[in-house]
Amino acid sequence: MADRDGLIWLDGEMVPWRDAKTHVLTHTLHYGLGCFEGVRAYSTDNGPAIFRLNEHTDRLFRSAHILNMKMPFSKDELNEAQRASVRENKLDEAYLRPMVFLGSEGMGLRADNLKVHVMVAAWSWPSYMSPEAKELGIKVRTSSYTRHHVNITMCKAKANGNYINSMLALNEAISGGAEEALLLDNEGYVAEGSGENIFIVRDGVLHTPELTSCLEGITRATIITFAKELGLEVRERRITRDEVYIAEEAFFTGTAAEVLPIRELDGRVIGAGKRGPVTEKLQAMYFDAVKGKSAKHANWLTPVRD
Ligand code: PMP
């Protein structure tokens with residue numbers, strides 16, 4: 001990833017991709033205290049446009065606030081940095097990675113003289129899973145790792161260090177032959193995937209875990225909006241793992257994963273073992289909205305060109 005052409009926005013300036021470097025004593029590299037976003041831009045009739053840019057920037061600022069990191073840029077500046085990262089790298093579609101991290105001015109947990117740095121990179125990353133997975137769904141395993149407890153780390157922050165838990169779970173799932181992990185909370189209730197929120201359909205009603213240990217997903221909020229538009233009831237509540245086994249449909253949501261059907265959990269086939277009708281409808285609405293084909297939600301898209 002590091003050795004390629006392109007530009008990365010770093011602390012207010014566009015720098016050549018290869019020169020966007022940081023020192024090995026960068027504090028965040030040692031202790032994981034930092035926060036980031038995962039954002040996508042899609043090709044639309046108005047050129048490339050970023051989906052729900054304001055919501056992502058707001059969450060980045062909330063994460064920084066939770067971690068007590070003082071943001072050296074305004075939300076407008078960060079929005080502009082993201083638009084410029086797509087535009088100046090001449091991308092039609094992009095995955096964007098804004099990150100806020102602490103510098104190398106000091107070491108140790110007590111360091112209090114650390115500069116807060118901000119970066120935004122954008123690159124082409126068409127599909128997080130195989131393209132067929134959008135239709136056929138993926139195989140998921142319940143993780144032996146528990147999702148973070150709200151008092152162990154800050155679950156509302158998209159914090160770098162939180163992703164150790166995600167990676168342990170994902171690597172375990174993949175080495176066991178699955179494509180994604182399902183993490184349970186410390187009481188054993190369904191929380192989320194390694195980088196996605198989860199929904200199930202039972203008796204035509206959409207259920208998703210309440211926002212305690214799972215991230216406040218922007219795709220999750222988007223899907224809830226669509227469900228309401230369709231007149232589908234949405235219940236945010238505790239869900240057990242065996243309820244996922246017996247659901248009619250189940251799917252993950254996330255900026256990277258988009259709307260991804262789950263066809264199997266722990267060797268139990270869910271519903272028809274492929275994308276179900278409710279998932280298909282919501283997924284179609286999602287792709288229409290991100291690609292600028294939904295007049296109703298045009299305001300969710302921010303074109304990168306002026
Ligand atoms: N949960 C976790 C742990 C995540 O990393 C993500 C991806 N940001 C999500 C859920 C989904 O969030 P969003 O829809 O905002 O991408």
# chains A, B, ... in the order shown; residues from 1 in each chain; ligands from 1
$ residues_near_ligand --ligand "ligand 1" --cutoff "8 Å" --atoms "only C-alpha atoms and all ligand atoms" --output "list in words"
Glu37, Gly38, Val39, His56, Lys158, Tyr163, Ser166, Glu192, Gly193, Ser194, Gly195, Glu196, Asn197, Cys214, Leu215, Glu216, Gly217, Ile218, Thr219, Arg220, Ala221, Thr253, Gly254, Thr255, Ala256, Ala257 and Glu258 of chain A
$ residues_around --residues "segment 100-108 of chain A" --least-positions-apart "4" --cutoff "6 Å" --atoms "only C-alpha atoms" --output "ChimeraX atom specification"
/A:25-28,34-35,114-118
$ atom_distance --atom1 "atom CA of Val290 of chain A" --atom2 "atom CA of Lys134 of chain A"
15.4 Å
$ select_by_dssp --residues "segment 20-246 of chain A" --states "strand (DSSP E)" --output "mmCIF file with C-alpha atoms, in the first residue's frame"
data_model
loop_
_atom_site.group_PDB
_atom_site.id
_atom_site.type_symbol
_atom_site.label_atom_id
_atom_site.label_comp_id
_atom_site.auth_asym_id
_atom_site.auth_seq_id
_atom_site.Cartn_x
_atom_site.Cartn_y
_atom_site.Cartn_z
ATOM 1 C CA GLY A 34 -6.316 7.005 18.023
ATOM 2 C CA CYS A 35 -9.505 6.967 15.997
ATOM 3 C CA PHE A 36 -10.487 6.591 12.406
ATOM 4 C CA VAL A 39 -15.968 6.133 4.286
ATOM 5 C CA ARG A 40 -16.927 5.399 0.695
ATOM 6 C CA ALA A 41 -17.314 7.481 -2.416
ATOM 7 C CA TYR A 42 -19.372 6.148 -5.306
ATOM 8 C CA SER A 43 -19.606 7.015 -8.945
ATOM 9 C CA THR A 44 -22.802 9.005 -9.628
ATOM 10 C CA GLY A 47 -19.274 12.538 -10.654
ATOM 11 C CA PRO A 48 -17.803 10.826 -7.613
ATOM 12 C CA ALA A 49 -19.737 11.559 -4.436
ATOM 13 C CA ILE A 50 -19.099 10.662 -0.801
ATOM 14 C CA PHE A 51 -21.898 8.813 0.979
ATOM 15 C CA ALA A 94 -13.068 5.146 -3.408
ATOM 16 C CA TYR A 95 -12.671 3.904 0.111
ATOM 17 C CA LEU A 96 -11.521 6.723 2.386
ATOM 18 C CA ARG A 97 -9.584 6.386 5.570
ATOM 19 C CA PRO A 98 -9.435 9.464 7.800
ATOM 20 C CA MET A 99 -7.434 8.862 10.973
ATOM 21 C CA VAL A 100 -6.526 10.900 14.037
ATOM 22 C CA PHE A 101 -3.350 9.849 15.812
ATOM 23 C CA LEU A 102 -0.845 11.022 18.398
ATOM 24 C CA VAL A 116 -2.656 15.347 17.375
ATOM 25 C CA HIS A 117 -2.190 14.467 13.694
ATOM 26 C CA VAL A 118 -4.891 13.911 11.108
ATOM 27 C CA MET A 119 -4.642 12.096 7.789
ATOM 28 C CA VAL A 120 -6.974 11.127 4.981
ATOM 29 C CA ALA A 121 -6.116 8.509 2.360
ATOM 30 C CA ALA A 122 -8.384 7.407 -0.494
ATOM 31 C CA TRP A 123 -7.971 4.440 -2.819
ATOM 32 C CA ILE A 138 -21.350 -15.514 3.553
ATOM 33 C CA LYS A 139 -20.505 -18.171 6.121
ATOM 34 C CA VAL A 140 -20.084 -16.809 9.633
ATOM 35 C CA ARG A 141 -18.797 -18.324 12.877
ATOM 36 C CA THR A 142 -19.609 -17.185 16.378
ATOM 37 C CA SER A 143 -16.361 -15.968 17.866
ATOM 38 C CA SER A 144 -14.643 -17.321 20.948
ATOM 39 C CA TYR A 145 -13.695 -13.677 21.583
ATOM 40 C CA THR A 146 -16.201 -11.524 23.450
ATOM 41 C CA GLU A 180 -16.633 -13.387 9.014
ATOM 42 C CA ALA A 181 -17.006 -13.600 12.790
ATOM 43 C CA LEU A 182 -20.069 -12.881 14.893
ATOM 44 C CA LEU A 183 -19.075 -11.468 18.268
ATOM 45 C CA LEU A 184 -21.256 -11.789 21.353
ATOM 46 C CA VAL A 190 -25.265 -10.893 19.763
ATOM 47 C CA ALA A 191 -23.213 -7.722 19.335
ATOM 48 C CA GLU A 192 -21.812 -7.357 15.796
ATOM 49 C CA GLY A 193 -19.351 -8.614 13.206
ATOM 50 C CA ASN A 197 -23.582 -4.387 12.426
ATOM 51 C CA ILE A 198 -26.048 -7.256 12.154
ATOM 52 C CA PHE A 199 -29.764 -7.503 11.374
ATOM 53 C CA ILE A 200 -32.076 -10.505 11.368
ATOM 54 C CA VAL A 201 -35.578 -10.913 9.931
ATOM 55 C CA ARG A 202 -38.115 -12.899 11.946
ATOM 56 C CA VAL A 205 -39.893 -7.915 11.447
ATOM 57 C CA LEU A 206 -36.362 -6.542 11.382
ATOM 58 C CA HIS A 207 -34.355 -6.989 14.580
ATOM 59 C CA THR A 208 -30.957 -5.561 15.404
ATOM 60 C CA VAL A 234 -37.662 -2.455 13.326
ATOM 61 C CA ARG A 235 -36.938 -3.657 16.843
ATOM 62 C CA GLU A 236 -33.676 -2.758 18.542
#
$ closest_residue --among "A:Thr240, A:Thr212, A:Thr302, A:Asn162" --to "Val86 of chain A" --atoms "only C-alpha atoms"
A:Thr302
$ select_by_dssp --residues "segment 52-264 of chain A" --states "helix (DSSP H, G or I)" --output "compact mmCIF listing (two decimals) with N, CA and C atoms, in the first residue's frame"
# COMPACT_ATOMS: atom_id res chain seq x y z
N LEU A 53 -21.11 11.78 4.17
CA LEU A 53 -19.85 12.40 4.61
C LEU A 53 -19.99 13.08 5.97
N ASN A 54 -21.05 13.87 6.13
CA ASN A 54 -21.19 14.61 7.40
C ASN A 54 -21.31 13.66 8.58
N GLU A 55 -22.04 12.57 8.38
CA GLU A 55 -22.24 11.61 9.48
C GLU A 55 -20.91 10.96 9.86
N HIS A 56 -20.09 10.65 8.85
CA HIS A 56 -18.79 10.04 9.16
C HIS A 56 -17.88 11.05 9.87
N THR A 57 -17.89 12.28 9.39
CA THR A 57 -17.03 13.28 10.02
C THR A 57 -17.51 13.54 11.45
N ASP A 58 -18.82 13.60 11.62
CA ASP A 58 -19.35 13.78 12.99
C ASP A 58 -18.89 12.65 13.90
N ARG A 59 -18.94 11.41 13.39
CA ARG A 59 -18.53 10.28 14.25
C ARG A 59 -17.05 10.35 14.57
N LEU A 60 -16.24 10.80 13.60
CA LEU A 60 -14.80 10.94 13.85
C LEU A 60 -14.56 11.95 14.98
N PHE A 61 -15.30 13.04 14.94
CA PHE A 61 -15.15 14.05 15.99
C PHE A 61 -15.66 13.52 17.34
N ARG A 62 -16.74 12.73 17.30
CA ARG A 62 -17.23 12.15 18.56
C ARG A 62 -16.19 11.18 19.12
N SER A 63 -15.60 10.38 18.23
CA SER A 63 -14.57 9.42 18.69
C SER A 63 -13.41 10.17 19.34
N ALA A 64 -12.95 11.24 18.68
CA ALA A 64 -11.82 12.02 19.22
C ALA A 64 -12.21 12.61 20.58
N HIS A 65 -13.43 13.09 20.68
CA HIS A 65 -13.90 13.67 21.94
C HIS A 65 -13.90 12.63 23.06
N ILE A 66 -14.40 11.43 22.74
CA ILE A 66 -14.45 10.36 23.75
C ILE A 66 -13.03 10.03 24.22
N LYS A 75 -14.68 20.50 11.29
CA LYS A 75 -15.41 19.50 10.49
C LYS A 75 -15.41 19.89 9.02
N ASP A 76 -15.56 21.18 8.74
CA ASP A 76 -15.54 21.62 7.34
C ASP A 76 -14.20 21.30 6.69
N GLU A 77 -13.13 21.54 7.44
CA GLU A 77 -11.80 21.24 6.88
C GLU A 77 -11.64 19.74 6.60
N LEU A 78 -12.15 18.93 7.52
CA LEU A 78 -12.06 17.48 7.31
C LEU A 78 -12.92 17.02 6.14
N ASN A 79 -14.09 17.64 5.99
CA ASN A 79 -14.93 17.30 4.84
C ASN A 79 -14.23 17.67 3.54
N GLU A 80 -13.62 18.83 3.53
CA GLU A 80 -12.90 19.27 2.33
C GLU A 80 -11.71 18.36 2.05
N ALA A 81 -11.02 17.95 3.11
CA ALA A 81 -9.86 17.04 2.94
C ALA A 81 -10.31 15.73 2.29
N GLN A 82 -11.48 15.26 2.69
CA GLN A 82 -11.97 13.99 2.13
C GLN A 82 -12.38 14.15 0.67
N ARG A 83 -13.03 15.26 0.39
CA ARG A 83 -13.42 15.52 -1.02
C ARG A 83 -12.15 15.63 -1.88
N ALA A 84 -11.17 16.38 -1.37
CA ALA A 84 -9.94 16.59 -2.14
C ALA A 84 -9.18 15.27 -2.34
N SER A 85 -9.23 14.38 -1.35
CA SER A 85 -8.50 13.11 -1.46
C SER A 85 -9.03 12.25 -2.61
N VAL A 86 -10.33 12.29 -2.81
CA VAL A 86 -10.92 11.53 -3.92
C VAL A 86 -10.62 12.25 -5.24
N ARG A 87 -10.87 13.56 -5.23
CA ARG A 87 -10.73 14.37 -6.45
C ARG A 87 -9.29 14.36 -6.95
N GLU A 88 -8.35 14.64 -6.07
CA GLU A 88 -6.95 14.81 -6.50
C GLU A 88 -6.27 13.47 -6.82
N ALA A 133 -20.76 -12.75 -3.07
CA ALA A 133 -21.25 -12.79 -1.69
C ALA A 133 -22.48 -11.90 -1.51
N LYS A 134 -22.59 -10.86 -2.32
CA LYS A 134 -23.74 -9.94 -2.20
C LYS A 134 -25.06 -10.65 -2.46
N GLU A 135 -24.98 -11.71 -3.27
CA GLU A 135 -26.19 -12.45 -3.60
C GLU A 135 -26.29 -13.75 -2.81
N LEU A 136 -25.16 -14.44 -2.72
CA LEU A 136 -25.19 -15.77 -2.11
C LEU A 136 -25.04 -15.73 -0.59
N ASN A 160 -8.72 3.00 17.23
CA ASN A 160 -7.76 2.06 16.63
C ASN A 160 -7.62 0.80 17.48
N GLY A 161 -7.35 0.98 18.77
CA GLY A 161 -7.09 -0.16 19.65
C GLY A 161 -8.24 -1.13 19.75
N ASN A 162 -9.46 -0.65 19.53
CA ASN A 162 -10.62 -1.55 19.60
C ASN A 162 -10.53 -2.66 18.56
N TYR A 163 -9.76 -2.42 17.52
CA TYR A 163 -9.73 -3.36 16.40
C TYR A 163 -8.81 -4.56 16.62
N ILE A 164 -8.11 -4.61 17.75
CA ILE A 164 -7.39 -5.84 18.09
C ILE A 164 -8.44 -6.94 18.28
N ASN A 165 -9.48 -6.63 18.99
CA ASN A 165 -10.58 -7.56 19.22
C ASN A 165 -11.18 -8.02 17.90
N SER A 166 -11.41 -7.09 16.98
CA SER A 166 -11.99 -7.43 15.66
C SER A 166 -11.06 -8.36 14.89
N MET A 167 -9.77 -8.04 14.93
CA MET A 167 -8.83 -8.85 14.12
C MET A 167 -8.64 -10.24 14.69
N LEU A 168 -8.61 -10.35 16.01
CA LEU A 168 -8.50 -11.68 16.61
C LEU A 168 -9.71 -12.52 16.19
N ALA A 169 -10.88 -11.92 16.26
CA ALA A 169 -12.11 -12.64 15.92
C ALA A 169 -12.14 -12.99 14.43
N LEU A 170 -11.78 -12.04 13.59
CA LEU A 170 -11.83 -12.29 12.14
C LEU A 170 -10.82 -13.37 11.75
N ASN A 171 -9.60 -13.26 12.26
CA ASN A 171 -8.58 -14.26 11.91
C ASN A 171 -8.99 -15.66 12.37
N GLU A 172 -9.59 -15.72 13.54
CA GLU A 172 -10.07 -17.02 14.04
C GLU A 172 -11.15 -17.58 13.11
N ALA A 173 -12.09 -16.70 12.70
CA ALA A 173 -13.19 -17.15 11.83
C ALA A 173 -12.64 -17.64 10.49
N ILE A 174 -11.71 -16.88 9.93
CA ILE A 174 -11.17 -17.25 8.62
C ILE A 174 -10.37 -18.54 8.71
N SER A 175 -9.58 -18.68 9.77
CA SER A 175 -8.78 -19.93 9.87
C SER A 175 -9.69 -21.13 10.14
N ILE A 218 -23.29 3.74 10.61
CA ILE A 218 -24.00 4.68 9.74
C ILE A 218 -24.83 3.90 8.73
N THR A 219 -24.32 2.76 8.29
CA THR A 219 -25.12 1.90 7.39
C THR A 219 -26.32 1.34 8.16
N ARG A 220 -26.11 1.00 9.40
CA ARG A 220 -27.20 0.51 10.25
C ARG A 220 -28.33 1.54 10.29
N ALA A 221 -27.95 2.81 10.52
CA ALA A 221 -28.96 3.88 10.57
C ALA A 221 -29.64 4.05 9.21
N THR A 222 -28.87 3.89 8.14
CA THR A 222 -29.43 4.01 6.79
C THR A 222 -30.47 2.91 6.55
N ILE A 223 -30.13 1.70 6.96
CA ILE A 223 -31.04 0.56 6.75
C ILE A 223 -32.32 0.73 7.59
N ILE A 224 -32.17 1.26 8.79
CA ILE A 224 -33.36 1.49 9.63
C ILE A 224 -34.28 2.52 8.95
N THR A 225 -33.68 3.54 8.35
CA THR A 225 -34.48 4.54 7.61
C THR A 225 -35.24 3.87 6.47
N PHE A 226 -34.54 3.04 5.70
CA PHE A 226 -35.19 2.35 4.57
C PHE A 226 -36.31 1.44 5.05
N ALA A 227 -36.04 0.71 6.12
CA ALA A 227 -37.03 -0.23 6.63
C ALA A 227 -38.31 0.52 6.99
N LYS A 228 -38.14 1.67 7.64
CA LYS A 228 -39.31 2.46 8.03
C LYS A 228 -40.05 2.94 6.80
N GLU A 229 -39.30 3.34 5.77
CA GLU A 229 -39.94 3.78 4.52
C GLU A 229 -40.75 2.66 3.88
N ARG A 241 -27.85 -15.84 19.99
CA ARG A 241 -27.21 -16.48 18.85
C ARG A 241 -28.13 -17.51 18.19
N ASP A 242 -28.94 -18.22 19.00
CA ASP A 242 -29.81 -19.22 18.36
C ASP A 242 -30.98 -18.57 17.62
N GLU A 243 -31.27 -17.31 17.96
CA GLU A 243 -32.28 -16.60 17.16
C GLU A 243 -31.76 -16.33 15.76
N VAL A 244 -30.46 -16.15 15.65
CA VAL A 244 -29.89 -15.95 14.30
C VAL A 244 -30.01 -17.26 13.52
N TYR A 245 -29.77 -18.40 14.22
CA TYR A 245 -29.88 -19.70 13.53
C TYR A 245 -31.28 -19.88 12.91
